[in-house]
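Participant: Would you mind keeping the following structure in view while I ask a few things?
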Amino acid sequence: MKIQTTRFGEVEVEDTRVLNFPKGLLGFPKYQDYVLIESGDQSRPNEESNFWWLQSIDLPELAFVVTDPTLFVSTYKVPIHPEQMLGLGLSSIDDAQVFVIVNKRGNVLTGNLQGPLVINVASRCGEQLVLSDRRFTTRVPLIELHQEAPTAMSA
Amino acid sequence: MLVLSRQRDETIMIGDEVEITVVDIRGDKVRLGINAPRTIQVHRKEVYEAIQRENAEAANVQLDDINGLDQHIKRKQRPA
């Protein structure tokens, strides 16, 4: 199927790659179907990405940067209760993949570790969970970006 | 909104499965005990609102904001 996106133009995606979030994401309950698009440099297709875009199928401008939080916070674990596993249709915890949504404030990328996305990779069904663990906030710094040296300076 | 008066140790039921008990009242602070099945998530509303706000802000991130980052991170991971 072809989808329209603001950031990538028209994108062809296989129907089997669609991720369904039956409850949407918090604050975006109406948008339930997404695809993951690699953020990697298109000129280096063999490079593995650390970031992906979670792109809405229905709203071209709606896309979130997501990443694997354990790349940055090795101690991060998302507790999933048996009842939540049922809700996600998870028969094994090995089918659960966790992403967090990335935001940029100033020159720091932050991750929302309090509201992780848990995806059942077998059924491609996902949910944004809310953790009560106060160690993990909505704005955990992941990486500091180095500003390009200014090419002009004021005289 | 339904408004009910309750005293300490009194409970209200929501449906058949959710119980909310006033555990303690001190000044302007009320401590509530909540019994609910695990399928029902119970959180302070501020936490939900913080995640909603963060989602809304994160939806504004553009391509340029993370361009070239994958290489950047690889450099960091790979010892020089």
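By convention in this document, the chains of the structure tokens carry letters A, B, ... by their order, each chain's residues are numbered from 1, and ligands are numbered from 1 in the order they are shown.
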From a DSSP pass on the backbone, collect the residues of chain A flagged as strand (DSSP E or B) and hand them back as a PyMOL selection string.

Facilitator: chain A and resi 2-5+9-12+19-20+25+28+33-38+51-56+63-67+96-105+108-111+117-120+125-128+140-144

Participant: Include C-alpha atoms and write out the residues we just selected as a PDB file, in the first residue's frame.

Facilitator:
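Result file is selection_30.pdb:
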```
ATOM      1  CA  LYS A   2       1.113   3.571  -0.558  1.00  0.00           C
ATOM      2  CA  ILE A   3       1.003   6.019   2.316  1.00  0.00           C
ATOM      3  CA  GLN A   4       1.438   9.776   2.306  1.00  0.00           C
ATOM      4  CA  THR A   5       3.936  11.280   4.730  1.00  0.00           C
ATOM      5  CA  GLY A   9       6.749  11.917   0.732  1.00  0.00           C
ATOM      6  CA  GLU A  10       4.882   8.937  -0.623  1.00  0.00           C
ATOM      7  CA  VAL A  11       6.098   5.668   0.882  1.00  0.00           C
ATOM      8  CA  GLU A  12       5.308   2.152  -0.252  1.00  0.00           C
ATOM      9  CA  LEU A  19       1.669  -1.973  13.525  1.00  0.00           C
ATOM     10  CA  ASN A  20      -1.704  -1.614  15.199  1.00  0.00           C
ATOM     11  CA  LEU A  25      -0.825   6.589  21.688  1.00  0.00           C
ATOM     12  CA  PHE A  28      -3.527  10.485  19.941  1.00  0.00           C
ATOM     13  CA  ASP A  33      -1.964   2.255  12.570  1.00  0.00           C
ATOM     14  CA  TYR A  34       1.719   2.969  12.070  1.00  0.00           C
ATOM     15  CA  VAL A  35       4.755   1.703  10.221  1.00  0.00           C
ATOM     16  CA  LEU A  36       8.401   1.825  11.250  1.00  0.00           C
ATOM     17  CA  ILE A  37      10.661   3.641   8.825  1.00  0.00           C
ATOM     18  CA  GLU A  38      14.425   3.447   9.315  1.00  0.00           C
ATOM     19  CA  PHE A  51      16.480   5.292  15.365  1.00  0.00           C
ATOM     20  CA  TRP A  52      13.263   4.705  13.495  1.00  0.00           C
ATOM     21  CA  TRP A  53      10.274   6.828  12.624  1.00  0.00           C
ATOM     22  CA  LEU A  54       6.945   5.521  13.828  1.00  0.00           C
ATOM     23  CA  GLN A  55       4.862   6.974  11.023  1.00  0.00           C
ATOM     24  CA  SER A  56       1.080   7.173  11.138  1.00  0.00           C
ATOM     25  CA  ALA A  63       5.420  10.608  13.142  1.00  0.00           C
ATOM     26  CA  PHE A  64       7.542   9.948  16.197  1.00  0.00           C
ATOM     27  CA  VAL A  65      11.227   9.119  16.486  1.00  0.00           C
ATOM     28  CA  VAL A  66      11.622   5.903  18.438  1.00  0.00           C
ATOM     29  CA  THR A  67      14.630   3.994  19.667  1.00  0.00           C
ATOM     30  CA  ALA A  96       7.717  -8.199  23.189  1.00  0.00           C
ATOM     31  CA  GLN A  97       9.853  -5.428  21.753  1.00  0.00           C
ATOM     32  CA  VAL A  98      10.197  -2.164  23.648  1.00  0.00           C
ATOM     33  CA  PHE A  99      10.707   1.245  22.062  1.00  0.00           C
ATOM     34  CA  VAL A 100      10.631   4.685  23.588  1.00  0.00           C
ATOM     35  CA  ILE A 101       9.613   7.922  21.902  1.00  0.00           C
ATOM     36  CA  VAL A 102      12.444  10.392  21.432  1.00  0.00           C
ATOM     37  CA  ASN A 103      12.145  14.143  21.809  1.00  0.00           C
ATOM     38  CA  LYS A 104      14.680  16.894  21.265  1.00  0.00           C
ATOM     39  CA  ARG A 105      15.142  19.726  23.710  1.00  0.00           C
ATOM     40  CA  VAL A 108      19.831  16.935  23.993  1.00  0.00           C
ATOM     41  CA  LEU A 109      17.794  13.988  22.802  1.00  0.00           C
ATOM     42  CA  THR A 110      15.517  12.673  25.522  1.00  0.00           C
ATOM     43  CA  GLY A 111      13.544   9.457  25.755  1.00  0.00           C
ATOM     44  CA  LEU A 117       5.801   1.406  23.583  1.00  0.00           C
ATOM     45  CA  VAL A 118       5.524  -2.354  23.852  1.00  0.00           C
ATOM     46  CA  ILE A 119       4.991  -4.172  20.579  1.00  0.00           C
ATOM     47  CA  ASN A 120       4.071  -7.799  20.114  1.00  0.00           C
ATOM     48  CA  CYS A 125      -0.014  -5.160  18.028  1.00  0.00           C
ATOM     49  CA  GLY A 126       1.251  -2.485  20.389  1.00  0.00           C
ATOM     50  CA  GLU A 127       0.418  -0.338  23.360  1.00  0.00           C
ATOM     51  CA  GLN A 128       1.899   2.641  25.146  1.00  0.00           C
ATOM     52  CA  VAL A 140      15.471  10.976  30.328  1.00  0.00           C
ATOM     53  CA  PRO A 141      18.518  12.420  28.522  1.00  0.00           C
ATOM     54  CA  LEU A 142      19.812   9.886  25.987  1.00  0.00           C
ATOM     55  CA  ILE A 143      22.500  11.698  24.114  1.00  0.00           C
ATOM     56  CA  GLU A 144      23.933  15.172  23.769  1.00  0.00           C
TER      57      GLU A 144
END
```

Participant: If the cut-off is 7 Å, can you tell me the residues of chain A near chain B, counting only C-alpha atoms? I'd like them as JSON, numbers by chain.

Facilitator: {"A": [7, 26, 27, 40, 41, 49, 50, 62, 63, 64, 83, 84, 102, 103, 104, 115, 138]}

Participant: Those residues with C-alpha atoms, as a CSV table (one decimal), in the first residue's frame please?

Facilitator:
```csv
chain,number,residue,atom,x,y,z
A,7,ARG,CA,8.6,13.9,6.0
A,26,LEU,CA,-1.6,8.8,24.7
A,27,GLY,CA,-3.1,12.0,23.4
A,40,GLY,CA,19.3,5.7,8.6
A,41,ASP,CA,21.2,7.5,5.8
A,49,SER,CA,19.8,2.2,12.4
A,50,ASN,CA,19.5,3.1,16.0
A,62,LEU,CA,2.1,12.4,12.5
A,63,ALA,CA,5.4,10.6,13.1
A,64,PHE,CA,7.5,9.9,16.2
A,83,GLU,CA,-2.8,-9.5,32.4
A,84,GLN,CA,-1.0,-7.0,30.1
A,102,VAL,CA,12.4,10.4,21.4
A,103,ASN,CA,12.1,14.1,21.8
A,104,LYS,CA,14.7,16.9,21.3
A,115,GLY,CA,5.6,5.8,28.6
A,138,THR,CA,9.2,11.3,30.4
```

Participant: Between CA of Asp58 (chain A) and CA of Lys30 (chain A), what is the distance in Å, rounded to a tenth?

Facilitator: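 Separating CA of Asp58 (chain A) from CA of Lys30 (chain A) is a distance of 9.4 Å.
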
Participant: Separation of CA of Ala122 (chain A) and CA of Asp95 (chain A), in Å?

Facilitator: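 Computing it gives 6.1 Å between the two atoms.
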
Participant: Give me the residues within 10 Å of Pro79 (chain A) as a list in words, counting only C-alpha atoms and dropping any in the same chain fewer than 4 places off.

Facilitator: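 Answer for this query is Gln84, Leu129, Leu131 and Asp133 of chain A.
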
Participant: Can you spit out the residues from that selection as a compact mmCIF listing (two decimals), in the first residue's frame, using C-alpha atoms?

Facilitator:
```
# COMPACT_ATOMS: atom_id res chain seq x y z
CA GLN A 84 -1.04 -6.97 30.14
CA LEU A 129 2.26 1.64 28.78
CA LEU A 131 5.11 2.98 34.34
CA ASP A 133 8.55 3.56 38.56
```

Participant: Write down as a ChimeraX atom specification the residues of chain A whose backbone DSSP state falls under alpha helix (DSSP H).

Facilitator: /A:82-87
